[in-house]
$ cat upload-v1.tsv   # TSV, C-alpha atoms
chain	number	residue	atom	x	y	z
V	209	ASN	CA	114.04	80.42	91.27
V	210	ALA	CA	114.64	79.75	94.99
V	211	GLY	CA	115.72	83.31	95.97
V	212	VAL	CA	117.31	83.23	99.45
V	213	THR	CA	117.58	79.86	101.18
V	214	GLN	CA	118.41	79.50	104.87
V	215	THR	CA	119.22	76.36	106.82
V	216	PRO	CA	118.30	75.09	109.31
V	217	LYS	CA	114.74	76.35	109.82
V	218	PHE	CA	114.72	75.39	113.49
V	219	GLN	CA	117.50	74.67	115.98
V	220	VAL	CA	117.69	74.14	119.72
V	221	LEU	CA	121.05	74.60	121.41
V	222	LYS	CA	122.36	74.39	124.93
V	223	THR	CA	124.26	77.33	126.39
V	224	GLY	CA	127.87	77.22	125.23
V	225	GLN	CA	127.28	75.14	122.13
V	226	SER	CA	128.28	76.43	118.72
V	227	MET	CA	126.45	76.37	115.42
V	228	THR	CA	126.43	77.89	111.96
V	229	LEU	CA	123.45	79.23	110.07
V	230	GLN	CA	123.80	78.87	106.33
V	231	CYS	CA	122.45	81.22	103.70
V	232	ALA	CA	122.60	81.03	99.92
V	233	GLN	CA	121.11	83.24	97.21
V	234	ASP	CA	120.74	82.48	93.52
V	235	MET	CA	119.97	85.99	92.24
V	236	ASN	CA	123.60	87.01	91.60
V	237	HIS	CA	123.27	89.68	94.27
V	238	ASN	CA	126.36	91.48	95.50
V	239	SER	CA	125.28	92.31	99.06
V	240	MET	CA	124.13	89.96	101.80
V	241	TYR	CA	122.89	90.56	105.34
V	242	TRP	CA	122.08	88.82	108.59
V	243	TYR	CA	119.32	90.25	110.78
V	244	ARG	CA	117.78	89.04	114.00
V	245	GLN	CA	114.13	89.58	114.86
V	246	ASP	CA	112.90	89.85	118.43
V	247	PRO	CA	109.36	90.69	119.56
V	248	GLY	CA	108.76	94.43	119.75
V	249	MET	CA	112.20	95.27	118.39
V	250	GLY	CA	111.81	94.81	114.66
V	251	LEU	CA	114.82	93.55	112.75
V	252	ARG	CA	118.34	94.45	113.84
V	253	LEU	CA	121.35	94.10	111.59
V	254	ILE	CA	124.02	91.73	112.88
V	255	TYR	CA	126.54	91.71	110.02
V	256	TYR	CA	126.50	92.48	106.35
V	257	SER	CA	128.68	91.90	103.32
V	258	ALA	CA	128.59	94.66	100.72
V	259	SER	CA	130.39	92.50	98.19
V	260	GLU	CA	132.26	89.23	97.95
V	261	GLY	CA	135.33	89.33	100.16
V	262	THR	CA	134.09	92.04	102.51
V	263	THR	CA	132.15	91.91	105.78
V	264	ASP	CA	131.18	94.59	108.25
V	265	LYS	CA	129.52	94.86	111.63
V	266	GLY	CA	125.95	95.97	112.01
V	267	GLU	CA	124.06	97.12	115.07
V	268	VAL	CA	124.34	93.94	117.20
V	269	PRO	CA	127.47	91.96	116.18
V	270	ASN	CA	128.64	90.76	119.60
V	271	GLY	CA	128.68	86.97	119.94
V	272	TYR	CA	128.55	86.35	116.19
V	273	ASN	CA	130.96	85.82	113.33
V	274	VAL	CA	130.31	85.68	109.61
V	275	SER	CA	131.92	84.31	106.50
V	276	ARG	CA	131.23	85.37	102.93
V	277	LEU	CA	132.24	82.08	101.40
V	278	ASN	CA	131.64	83.19	97.82
V	279	LYS	CA	129.19	85.44	96.03
V	280	ARG	CA	126.28	83.11	96.74
V	281	GLU	CA	126.85	82.12	100.35
V	282	PHE	CA	126.99	84.04	103.63
V	283	SER	CA	127.12	82.10	106.90
V	284	LEU	CA	126.53	83.24	110.48
V	285	ARG	CA	128.32	81.47	113.33
V	286	LEU	CA	127.57	81.44	117.03
V	287	GLU	CA	130.76	80.29	118.77
V	288	SER	CA	129.32	79.95	122.27
V	289	ALA	CA	125.56	80.31	122.28
V	290	ALA	CA	123.82	82.25	125.04
V	291	PRO	CA	120.10	82.43	125.93
V	292	SER	CA	120.12	86.08	124.79
V	293	GLN	CA	120.73	84.80	121.27
V	294	THR	CA	117.35	83.05	121.20
V	295	SER	CA	115.74	84.74	118.22
V	296	VAL	CA	114.59	84.38	114.64
V	297	TYR	CA	117.41	84.99	112.21
V	298	PHE	CA	116.89	86.28	108.69
V	299	CYS	CA	119.32	86.32	105.84
V	300	ALA	CA	118.74	88.82	103.04
V	301	SER	CA	120.43	89.90	99.84
V	302	SER	CA	120.34	92.89	97.51
V	303	GLU	CA	121.86	93.94	94.21
V	304	GLY	CA	123.97	96.52	96.04
V	305	THR	CA	125.39	98.07	92.88
V	306	GLY	CA	123.49	101.35	92.63
V	307	GLY	CA	120.26	102.07	90.81
V	308	SER	CA	116.71	101.59	91.97
V	309	GLY	CA	117.17	97.96	92.90
V	310	ALA	CA	120.36	98.43	94.86
V	311	ASN	CA	118.85	98.58	98.30
V	312	VAL	CA	115.83	96.33	97.88
V	313	LEU	CA	116.29	93.39	100.19
V	314	THR	CA	115.06	89.90	99.40
V	315	PHE	CA	114.64	87.84	102.57
V	316	GLY	CA	114.88	84.18	103.37
V	317	ALA	CA	112.15	82.39	105.33
V	318	GLY	CA	114.03	82.65	108.62
V	319	SER	CA	115.76	80.34	111.11
V	320	ARG	CA	114.28	80.02	114.58
V	321	LEU	CA	116.99	79.44	117.19
V	322	THR	CA	116.36	78.57	120.82
V	323	VAL	CA	119.22	78.55	123.31
V	324	LEU	CA	118.46	76.78	126.60
C	110	ALA	CA	121.93	108.07	113.50
C	111	GLN	CA	119.07	106.79	111.44
C	112	SER	CA	115.99	105.46	113.19
C	113	VAL	CA	112.40	104.48	112.46
C	114	THR	CA	109.39	104.83	114.73
C	115	GLN	CA	106.15	102.97	114.20
C	116	PRO	CA	103.90	104.38	116.93
C	117	ASP	CA	101.21	101.71	116.74
C	118	ILE	CA	102.12	98.23	117.97
C	119	HIS	CA	98.69	96.79	117.12
C	120	ILE	CA	95.90	98.03	114.87
C	121	THR	CA	92.53	96.38	114.34
C	122	VAL	CA	90.31	97.33	111.42
C	123	SER	CA	87.14	95.89	109.97
C	124	GLU	CA	87.26	94.19	106.62
C	125	GLY	CA	86.47	96.74	103.93
C	126	ALA	CA	87.55	99.70	106.05
C	127	SER	CA	90.44	101.97	105.16
C	128	LEU	CA	93.85	101.59	106.75
C	129	GLU	CA	96.72	103.90	107.60
C	130	LEU	CA	99.90	102.70	109.29
C	131	ARG	CA	102.21	105.38	110.58
C	132	CYS	CA	105.96	105.61	110.14
C	133	ASN	CA	108.31	108.39	111.19
C	134	TYR	CA	112.00	108.32	110.44
C	135	SER	CA	115.22	110.09	111.28
C	136	TYR	CA	117.85	110.17	108.55
C	137	GLY	CA	120.68	112.52	107.72
C	138	ALA	CA	120.15	112.75	103.96
C	139	THR	CA	117.44	112.09	101.42
C	140	PRO	CA	116.08	108.79	102.64
C	141	TYR	CA	115.40	105.57	100.88
C	142	LEU	CA	112.16	104.34	102.46
C	143	PHE	CA	110.50	100.96	102.40
C	144	TRP	CA	107.48	99.08	103.66
C	145	TYR	CA	107.71	95.32	104.14
C	146	VAL	CA	105.03	92.84	105.18
C	147	GLN	CA	105.53	89.65	107.14
C	148	SER	CA	102.91	86.92	107.35
C	149	PRO	CA	103.15	84.54	110.32
C	150	GLY	CA	106.12	82.19	110.05
C	151	GLN	CA	107.33	83.81	106.85
C	152	GLY	CA	110.09	86.08	105.71
C	153	LEU	CA	109.55	89.72	104.79
C	154	GLN	CA	108.12	90.75	101.44
C	155	LEU	CA	108.60	94.19	99.91
C	156	LEU	CA	105.34	96.15	99.56
C	157	LEU	CA	106.74	99.37	98.13
C	158	LYS	CA	109.73	101.69	98.14
C	159	TYR	CA	110.52	105.38	97.77
C	160	PHE	CA	113.82	106.51	96.34
C	161	SER	CA	113.04	109.87	94.71
C	162	GLY	CA	110.50	111.67	92.56
C	163	ASP	CA	106.76	111.39	93.08
C	164	THR	CA	106.06	111.39	96.79
C	165	LEU	CA	103.04	109.09	96.45
C	166	VAL	CA	104.20	105.59	95.63
C	167	GLN	CA	102.13	102.60	94.69
C	168	GLY	CA	102.93	99.09	95.79
C	169	ILE	CA	101.65	95.58	95.54
C	170	LYS	CA	98.34	94.34	96.93
C	171	GLY	CA	96.69	97.77	96.55
C	172	PHE	CA	98.93	99.54	99.08
C	173	GLU	CA	100.30	103.05	98.68
C	174	ALA	CA	102.50	105.30	100.80
C	175	GLU	CA	103.17	109.01	100.86
C	176	PHE	CA	106.55	110.56	101.64
C	177	LYS	CA	106.26	113.84	103.55
C	178	ARG	CA	109.67	115.35	104.06
C	179	SER	CA	108.37	118.16	106.31
C	180	GLN	CA	106.90	115.62	108.72
C	181	SER	CA	109.62	112.96	108.31
C	182	SER	CA	106.85	110.50	107.64
C	183	PHE	CA	106.14	107.67	105.23
C	184	ASN	CA	102.67	106.40	106.10
C	185	LEU	CA	101.21	103.31	104.47
C	186	ARG	CA	97.59	103.33	103.29
C	187	LYS	CA	95.04	101.03	101.76
C	188	PRO	CA	91.49	102.14	100.87
C	189	SER	CA	89.78	98.81	101.63
C	190	VAL	CA	91.35	96.12	103.80
C	191	HIS	CA	90.91	92.42	103.07
C	192	TRP	CA	91.14	89.65	105.65
C	193	SER	CA	94.30	88.40	103.92
C	194	ASP	CA	96.05	91.69	104.82
C	195	ALA	CA	96.35	90.56	108.45
C	196	ALA	CA	100.12	90.48	109.05
C	197	GLU	CA	102.93	92.47	110.58
C	198	TYR	CA	104.14	95.54	108.71
C	199	PHE	CA	107.59	97.04	108.93
C	200	CYS	CA	108.79	100.44	107.82
C	201	ALA	CA	112.50	100.73	107.01
C	202	VAL	CA	114.96	103.47	106.06
C	203	GLY	CA	118.48	103.44	104.77
C	204	ALA	CA	120.87	103.01	101.91
C	205	SER	CA	123.31	100.10	102.12
C	206	LYS	CA	122.09	99.06	105.59
C	207	LEU	CA	118.41	99.22	106.35
C	208	VAL	CA	117.10	100.19	109.78
C	209	PHE	CA	113.69	98.76	110.59
C	210	GLY	CA	110.92	99.95	112.84
C	211	ALA	CA	109.51	97.71	115.55
C	212	GLY	CA	106.56	96.74	113.39
C	213	THR	CA	102.78	97.13	113.49
C	214	ILE	CA	100.58	94.06	113.78
C	215	LEU	CA	97.41	94.42	111.74
C	216	ARG	CA	94.33	92.47	112.73
C	217	VAL	CA	91.30	92.40	110.44
C	218	LYS	CA	87.79	91.89	111.84
C	219	SER	CA	85.26	90.17	109.63

$ encode --input "upload-v1.tsv" --output "structure tokens"
Amino acid sequence: NAGVTQTPKFQVLKTGQSMTLQCAQDMNHNSMYWYRQDPGMGLRLIYYSASEGTTDKGEVPNGYNVSRLNKREFSLRLESAAPSQTSVYFCASSEGTGGSGANVLTFGAGSRLTVL
Amino acid sequence: AQSVTQPDIHITVSEGASLELRCNYSYGATPYLFWYVQSPGQGLQLLLKYFSGDTLVQGIKGFEAEFKRSQSSFNLRKPSVHWSDAAEYFCAVGASKLVFGAGTILRVKS
């Protein structure tokens, strides 16, 4: 059981380039999330998808777009990368349907992005 | 708005000593509270959660946390720390969207 899989694990971009981070989960979870982690700031929510077909902005959505391709997959796109987007990105998923497991997030291993 | 404060950026304890990591939160309703642990280069793993009921919750790896509504706190404790506990610990609060604290880095002295 793979859980949450993110690709790529590492990426170096030049300012202005675009890229997409891919995320897939195999737990039949309804909700998926993208967070970024920066030193001393914890994790900040970029976008989330409560269920298939819906997406919503989090705390720091500027410069990003997302696509909930199907129930399993949730991608994060940087259209024109900036040095401020250098970070470690985490995808997560949760059952999201109510009950004690609804809000328990399962995280991927992370994607380290450097923008030069 | 919901928020989480972890006052200690770094904590160093000796192996075998007790541990308490502090977490204070701000939330408009009855909170869902979580502690996650992150080892270097890894994703986050759930240690324990509080949804309702008994205010002392047990988690994995011998950790426990106590919810104190009057103090808006959810401190993490372990009676005897092992070298393998060295990691970064995050407190989080929320329902559909979790808000995380800035994290506390735990170092363990042998």

$ atom_distance --input "upload-v1.tsv" --atom1 "atom CA of Gly224 of chain V" --atom2 "atom CA of Tyr256 of chain V"
24.3 Å

$ atom_distance --input "upload-v1.tsv" --atom1 "atom CA of Trp192 of chain C" --atom2 "atom CA of Gly248 of chain V"
23.1 Å

$ closest_atom_pairs --input "upload-v1.tsv" --of "chain V" --to "chain C" --cutoff "9 Å" --atoms "only C-alpha atoms" --output "JSON lines"
{"residue": "V:Ser239", "atom": "CA", "partner": "C:Ser205", "partner_atom": "CA", "distance": 8.6}
{"residue": "V:Tyr241", "atom": "CA", "partner": "C:Lys206", "partner_atom": "CA", "distance": 8.5}
{"residue": "V:Pro247", "atom": "CA", "partner": "C:Ala211", "partner_atom": "CA", "distance": 8.1}
{"residue": "V:Gly248", "atom": "CA", "partner": "C:Ala211", "partner_atom": "CA", "distance": 5.4}
{"residue": "V:Met249", "atom": "CA", "partner": "C:Ala211", "partner_atom": "CA", "distance": 4.6}
{"residue": "V:Gly250", "atom": "CA", "partner": "C:Ala211", "partner_atom": "CA", "distance": 3.8}
{"residue": "V:Leu251", "atom": "CA", "partner": "C:Phe209", "partner_atom": "CA", "distance": 5.8}
{"residue": "V:Arg252", "atom": "CA", "partner": "C:Phe209", "partner_atom": "CA", "distance": 7.1}
{"residue": "V:Leu253", "atom": "CA", "partner": "C:Val208", "partner_atom": "CA", "distance": 7.6}
{"residue": "V:Tyr256", "atom": "CA", "partner": "C:Lys206", "partner_atom": "CA", "distance": 8.0}
{"residue": "V:Ala258", "atom": "CA", "partner": "C:Ser205", "partner_atom": "CA", "distance": 7.7}
{"residue": "V:Gly266", "atom": "CA", "partner": "C:Lys206", "partner_atom": "CA", "distance": 8.1}
{"residue": "V:Phe298", "atom": "CA", "partner": "C:Gly152", "partner_atom": "CA", "distance": 7.4}
{"residue": "V:Gly304", "atom": "CA", "partner": "C:Ser205", "partner_atom": "CA", "distance": 7.1}
{"residue": "V:Ser308", "atom": "CA", "partner": "C:Phe160", "partner_atom": "CA", "distance": 7.2}
{"residue": "V:Ala310", "atom": "CA", "partner": "C:Ser205", "partner_atom": "CA", "distance": 8.0}
{"residue": "V:Asn311", "atom": "CA", "partner": "C:Ala204", "partner_atom": "CA", "distance": 6.1}
{"residue": "V:Val312", "atom": "CA", "partner": "C:Leu155", "partner_atom": "CA", "distance": 7.8}
{"residue": "V:Leu313", "atom": "CA", "partner": "C:Leu155", "partner_atom": "CA", "distance": 7.7}
{"residue": "V:Thr314", "atom": "CA", "partner": "C:Gln154", "partner_atom": "CA", "distance": 7.3}
{"residue": "V:Phe315", "atom": "CA", "partner": "C:Gly152", "partner_atom": "CA", "distance": 5.8}
{"residue": "V:Gly316", "atom": "CA", "partner": "C:Gly152", "partner_atom": "CA", "distance": 5.7}
{"residue": "V:Ala317", "atom": "CA", "partner": "C:Gly152", "partner_atom": "CA", "distance": 4.2}
{"residue": "V:Gly318", "atom": "CA", "partner": "C:Gly152", "partner_atom": "CA", "distance": 6.0}

$ residues_around --input "upload-v1.tsv" --residues "Thr164 of chain C" --least-positions-apart "5" --cutoff "12 Å" --atoms "only C-alpha atoms" --output "list in words"
Pro140, Tyr141, Leu142, Lys158, Tyr159, Glu173, Ala174, Glu175, Phe176, Lys177, Arg178, Ser179, Ser182, Phe183 and Asn184 of chain C

$ residues_around --input "upload-v1.tsv" --residues "Val268 of chain V" --least-positions-apart "2" --cutoff "12 Å" --atoms "all atoms listed in the file" --output "JSON, numbers by chain"
{"V": [242, 243, 244, 245, 251, 252, 253, 254, 255, 256, 264, 265, 266, 270, 271, 272, 273, 292, 293]}

$ atom_distance --input "upload-v1.tsv" --atom1 "atom CA of Gln219 of chain V" --atom2 "atom CA of Ile214 of chain C"
25.8 Å

$ closest_residue --input "upload-v1.tsv" --among "V:Ser288, V:Thr262, V:Ser302, V:Gln230" --to "Gln214 of chain V" --atoms "all atoms listed in the file"
V:Gln230

$ closest_residue --input "upload-v1.tsv" --among "V:Lys222, V:Lys279, V:Lys217, V:Arg320" --to "Met240 of chain V" --atoms "all atoms listed in the file"
V:Lys279

$ closest_residue --input "upload-v1.tsv" --among "C:Leu215, C:Ile120, C:Leu165, C:Val190" --to "Val146 of chain C" --atoms "all atoms listed in the file"
C:Leu215

$ residues_around --input "upload-v1.tsv" --residues "Gln225 of chain V" --least-positions-apart "2" --cutoff "8 Å" --atoms "only C-alpha atoms" --output "PDB file with C-alpha atoms, in the frame of the given file"
ATOM      1  CA  LEU V 221     121.050  74.600 121.410  1.00  0.00           C
ATOM      2  CA  LYS V 222     122.360  74.390 124.930  1.00  0.00           C
ATOM      3  CA  THR V 223     124.260  77.330 126.390  1.00  0.00           C
ATOM      4  CA  MET V 227     126.450  76.370 115.420  1.00  0.00           C
ATOM      5  CA  GLU V 287     130.760  80.290 118.770  1.00  0.00           C
ATOM      6  CA  SER V 288     129.320  79.950 122.270  1.00  0.00           C
ATOM      7  CA  ALA V 289     125.560  80.310 122.280  1.00  0.00           C
TER       8      ALA V 289
END

$ closest_residue --input "upload-v1.tsv" --among "V:Ser259, V:Thr294, V:Thr322, V:Thr213" --to "Leu277 of chain V" --atoms "all atoms listed in the file"
V:Ser259

$ residues_around --input "upload-v1.tsv" --residues "Glu124 of chain C" --least-positions-apart "3" --cutoff "10 Å" --atoms "all atoms listed in the file" --output "list in words"
Thr121, Ser127, Leu128, Ser189, Val190, His191, Trp192, Ser193, Asp194, Ala195, Arg216, Val217, Lys218 and Ser219 of chain C

$ write_last_selection --input "upload-v1.tsv" --atoms "C-alpha atoms" --output "mmCIF file, in the coordinates of the input"
data_model
loop_
_atom_site.group_PDB
_atom_site.id
_atom_site.type_symbol
_atom_site.label_atom_id
_atom_site.label_comp_id
_atom_site.auth_asym_id
_atom_site.auth_seq_id
_atom_site.Cartn_x
_atom_site.Cartn_y
_atom_site.Cartn_z
ATOM 1 C CA THR C 121 92.530 96.380 114.340
ATOM 2 C CA SER C 127 90.440 101.970 105.160
ATOM 3 C CA LEU C 128 93.850 101.590 106.750
ATOM 4 C CA SER C 189 89.780 98.810 101.630
ATOM 5 C CA VAL C 190 91.350 96.120 103.800
ATOM 6 C CA HIS C 191 90.910 92.420 103.070
ATOM 7 C CA TRP C 192 91.140 89.650 105.650
ATOM 8 C CA SER C 193 94.300 88.400 103.920
ATOM 9 C CA ASP C 194 96.050 91.690 104.820
ATOM 10 C CA ALA C 195 96.350 90.560 108.450
ATOM 11 C CA ARG C 216 94.330 92.470 112.730
ATOM 12 C CA VAL C 217 91.300 92.400 110.440
ATOM 13 C CA LYS C 218 87.790 91.890 111.840
ATOM 14 C CA SER C 219 85.260 90.170 109.630
#

$ decode --input "upload-v1.tsv" --residues "segment 228-246 of chain V" --atoms "N, CA, C and O atoms" --output "short mmCIF file (atom, residue, chain, number, x, y, z; two decimals), in the first residue's frame"
data_model
loop_
_atom_site.label_atom_id
_atom_site.label_comp_id
_atom_site.auth_asym_id
_atom_site.auth_seq_id
_atom_site.Cartn_x
_atom_site.Cartn_y
_atom_site.Cartn_z
N THR V 228 4.79 21.16 -13.01
CA THR V 228 3.66 20.57 -12.30
C THR V 228 4.16 19.51 -11.34
O THR V 228 4.95 18.64 -11.73
N LEU V 229 3.71 19.60 -10.10
CA LEU V 229 3.96 18.56 -9.11
C LEU V 229 2.76 17.62 -9.12
O LEU V 229 1.60 18.06 -9.06
N GLN V 230 3.07 16.34 -9.17
CA GLN V 230 2.01 15.33 -9.24
C GLN V 230 1.82 14.67 -7.89
O GLN V 230 2.79 14.46 -7.14
N CYS V 231 0.60 14.32 -7.59
CA CYS V 231 0.29 13.62 -6.34
C CYS V 231 -0.80 12.60 -6.60
O CYS V 231 -1.80 12.92 -7.26
N ALA V 232 -0.61 11.41 -6.07
CA ALA V 232 -1.63 10.36 -6.19
C ALA V 232 -1.74 9.62 -4.87
O ALA V 232 -0.74 9.36 -4.21
N GLN V 233 -3.00 9.27 -4.51
CA GLN V 233 -3.22 8.48 -3.30
C GLN V 233 -4.04 7.25 -3.66
O GLN V 233 -4.90 7.30 -4.53
N ASP V 234 -3.77 6.16 -2.95
CA ASP V 234 -4.44 4.90 -3.23
C ASP V 234 -5.27 4.42 -2.05
O ASP V 234 -5.51 3.23 -1.89
N MET V 235 -5.72 5.35 -1.21
CA MET V 235 -6.48 5.01 -0.01
C MET V 235 -7.97 5.31 -0.17
O MET V 235 -8.72 5.26 0.81
N ASN V 236 -8.39 5.68 -1.37
CA ASN V 236 -9.79 6.03 -1.64
C ASN V 236 -10.25 7.22 -0.79
O ASN V 236 -11.42 7.31 -0.41
N HIS V 237 -9.31 8.13 -0.51
CA HIS V 237 -9.66 9.32 0.27
C HIS V 237 -10.40 10.33 -0.58
O HIS V 237 -10.16 10.45 -1.79
N ASN V 238 -11.28 11.08 0.08
CA ASN V 238 -12.06 12.09 -0.63
C ASN V 238 -11.33 13.43 -0.75
O ASN V 238 -11.46 14.12 -1.74
N SER V 239 -10.59 13.79 0.29
CA SER V 239 -9.98 15.12 0.35
C SER V 239 -8.48 15.04 0.11
O SER V 239 -7.81 14.12 0.57
N MET V 240 -7.97 16.06 -0.61
CA MET V 240 -6.53 16.13 -0.87
C MET V 240 -6.06 17.56 -0.69
O MET V 240 -6.84 18.51 -0.84
N TYR V 241 -4.78 17.71 -0.37
CA TYR V 241 -4.23 19.00 0.04
C TYR V 241 -2.82 19.18 -0.52
O TYR V 241 -2.09 18.21 -0.69
N TRP V 242 -2.47 20.45 -0.75
CA TRP V 242 -1.08 20.81 -1.02
C TRP V 242 -0.63 21.82 0.04
O TRP V 242 -1.28 22.86 0.23
N TYR V 243 0.47 21.50 0.70
CA TYR V 243 1.10 22.39 1.66
C TYR V 243 2.51 22.73 1.19
O TYR V 243 3.14 21.95 0.48
N ARG V 244 3.02 23.86 1.64
CA ARG V 244 4.43 24.15 1.49
C ARG V 244 5.05 24.30 2.86
O ARG V 244 4.38 24.78 3.80
N GLN V 245 6.30 23.87 2.98
CA GLN V 245 7.01 23.94 4.26
C GLN V 245 8.25 24.79 4.10
O GLN V 245 9.11 24.50 3.28
N ASP V 246 8.35 25.83 4.91
CA ASP V 246 9.50 26.71 4.91
C ASP V 246 10.05 26.78 6.33
O ASP V 246 9.29 26.73 7.31
#
